[in-house]
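> Following this message is one structure expressed as structure tokens.
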Amino acid sequence: MLPGGGLGRHESPLDTATRELFEETGCRLERAEHLGTILLDRSGWTNAIELVTGTTRDTPVADGREIEEARFFPPDTLPESATQAVRAMIARWLDAQNGNSA
């Protein structure tokens with residue numbers, strides 16, 4: 001999974017991403033950019049996922065509460081357990097980067 005969580009009241013997607021990334025991994029989000037919104041139909045309700053990208057100079061450390069393990073992976077060597085939804089979001093990010101993950 002990718003770090004994430006619900007938007008707080010009056011919180012922007014960038015603020016939420018910054019907060020959630022820090023809470024879950026201890027990483028500070030830099031150069032945050034809202035990449036877009038993904039709408040998922042959940043049989044009667046819609047889940048809006050705000051996709052945010054950015055950089056960090058920090059090493060991720062799992063918070064031990066919400067996540068058990070946190071690591072960075074090159075996009076072409078994701079763990080087998082990465083879901084199709086995660087892979088689709090990473091593909092969308094790569095498209096926005098013109099295929100360059102650096």
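FYI, nothing fancy with the structure tokens labels: chains A, B, ... in order, residues from 1 per chain, ligands from 1 as they appear.
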Write out as a ChimeraX atom specification the residues lying within 12 Å of segment 26-39 of chain A, counting only C-alpha atoms and excluding same-chain residues fewer than 4 positions away.

/A:3,12-22,45-64,67,70-72,85-86,88-97

> So how far away is atom CA of Gly4 of chain A from atom CA of Ser43 of chain A, in Å?

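About the pair atom CA of Ser43 of chain A and atom CA of Gly4 of chain A: they are 21.5 Å apart.
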
> Please, what distance in Å, to one decimal, runs between atom CA of Glu69 of chain A and atom CA of Met1 of chain A?

10.2 Å

> May I have all residues of segment 32-76 of chain A that DSSP, computed from the backbone, assigns to strand (DSSP E), given as a list in words?

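Taking segment 32-76 of chain A and keeping strand (DSSP E) only, one gets Ala32, Glu33, His34, Leu35, Gly36, Thr37, Ile38, Leu39, Leu40, Asp41, Thr46, Asn47, Ala48, Ile49, Glu50, Leu51, Val52, Thr53, Gly54 and Thr55 of chain A.
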
> Go ahead and write the selection's residues with C-alpha atoms as a compact mmCIF listing (two decimals), in the first residue's frame.


# COMPACT_ATOMS: atom_id res chain seq x y z
CA ALA A 32 4.33 18.28 -3.08
CA GLU A 33 2.13 18.37 -6.15
CA HIS A 34 -1.49 17.29 -6.58
CA LEU A 35 -1.41 14.81 -9.46
CA GLY A 36 -5.15 14.27 -9.73
CA THR A 37 -8.25 12.63 -8.32
CA ILE A 38 -9.20 8.99 -8.83
CA LEU A 39 -12.87 8.14 -8.30
CA LEU A 40 -13.68 4.55 -7.33
CA ASP A 41 -17.25 3.22 -7.31
CA THR A 46 -17.78 6.86 -4.25
CA ASN A 47 -14.26 6.87 -2.84
CA ALA A 48 -12.24 9.87 -4.04
CA ILE A 49 -8.50 9.29 -3.89
CA GLU A 50 -6.36 12.41 -4.15
CA LEU A 51 -3.06 11.40 -5.70
CA VAL A 52 -0.16 13.54 -4.46
CA THR A 53 3.47 13.25 -5.49
CA GLY A 54 6.63 14.77 -4.08
CA THR A 55 10.07 13.98 -2.77

> Name the residues of segment 9-44 of chain A that fall into alpha helix (DSSP H) according to DSSP on the backbone, using the chain letters and numbers of this document, as an MDAnalysis selection string.

chainID A and resid 13:25

> Write out, as a short mmCIF file (atom, residue, chain, number, x, y, z; two decimals), in the first residue's frame, the residues just selected, with C-alpha atoms.


data_model
loop_
_atom_site.label_atom_id
_atom_site.label_comp_id
_atom_site.auth_asym_id
_atom_site.auth_seq_id
_atom_site.Cartn_x
_atom_site.Cartn_y
_atom_site.Cartn_z
CA PRO A 13 -4.93 17.13 -0.44
CA LEU A 14 -1.36 18.46 -0.16
CA ASP A 15 -1.72 19.08 3.58
CA THR A 16 -3.26 15.63 4.07
CA ALA A 17 -0.50 13.90 2.10
CA THR A 18 2.18 15.75 4.06
CA ARG A 19 0.57 14.84 7.39
CA GLU A 20 -0.16 11.19 6.52
CA LEU A 21 3.29 10.51 5.07
CA PHE A 22 4.92 11.90 8.21
CA GLU A 23 2.57 10.06 10.58
CA GLU A 24 3.04 6.71 8.87
CA THR A 25 6.72 6.83 7.84
#

> Give me, please, the distance in Å between atom CA of Gly5 of chain A and atom CA of Leu78 of chain A, quoted to one decimal.

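Pair atom CA of Gly5 of chain A / atom CA of Leu78 of chain A returns 21.4 Å.
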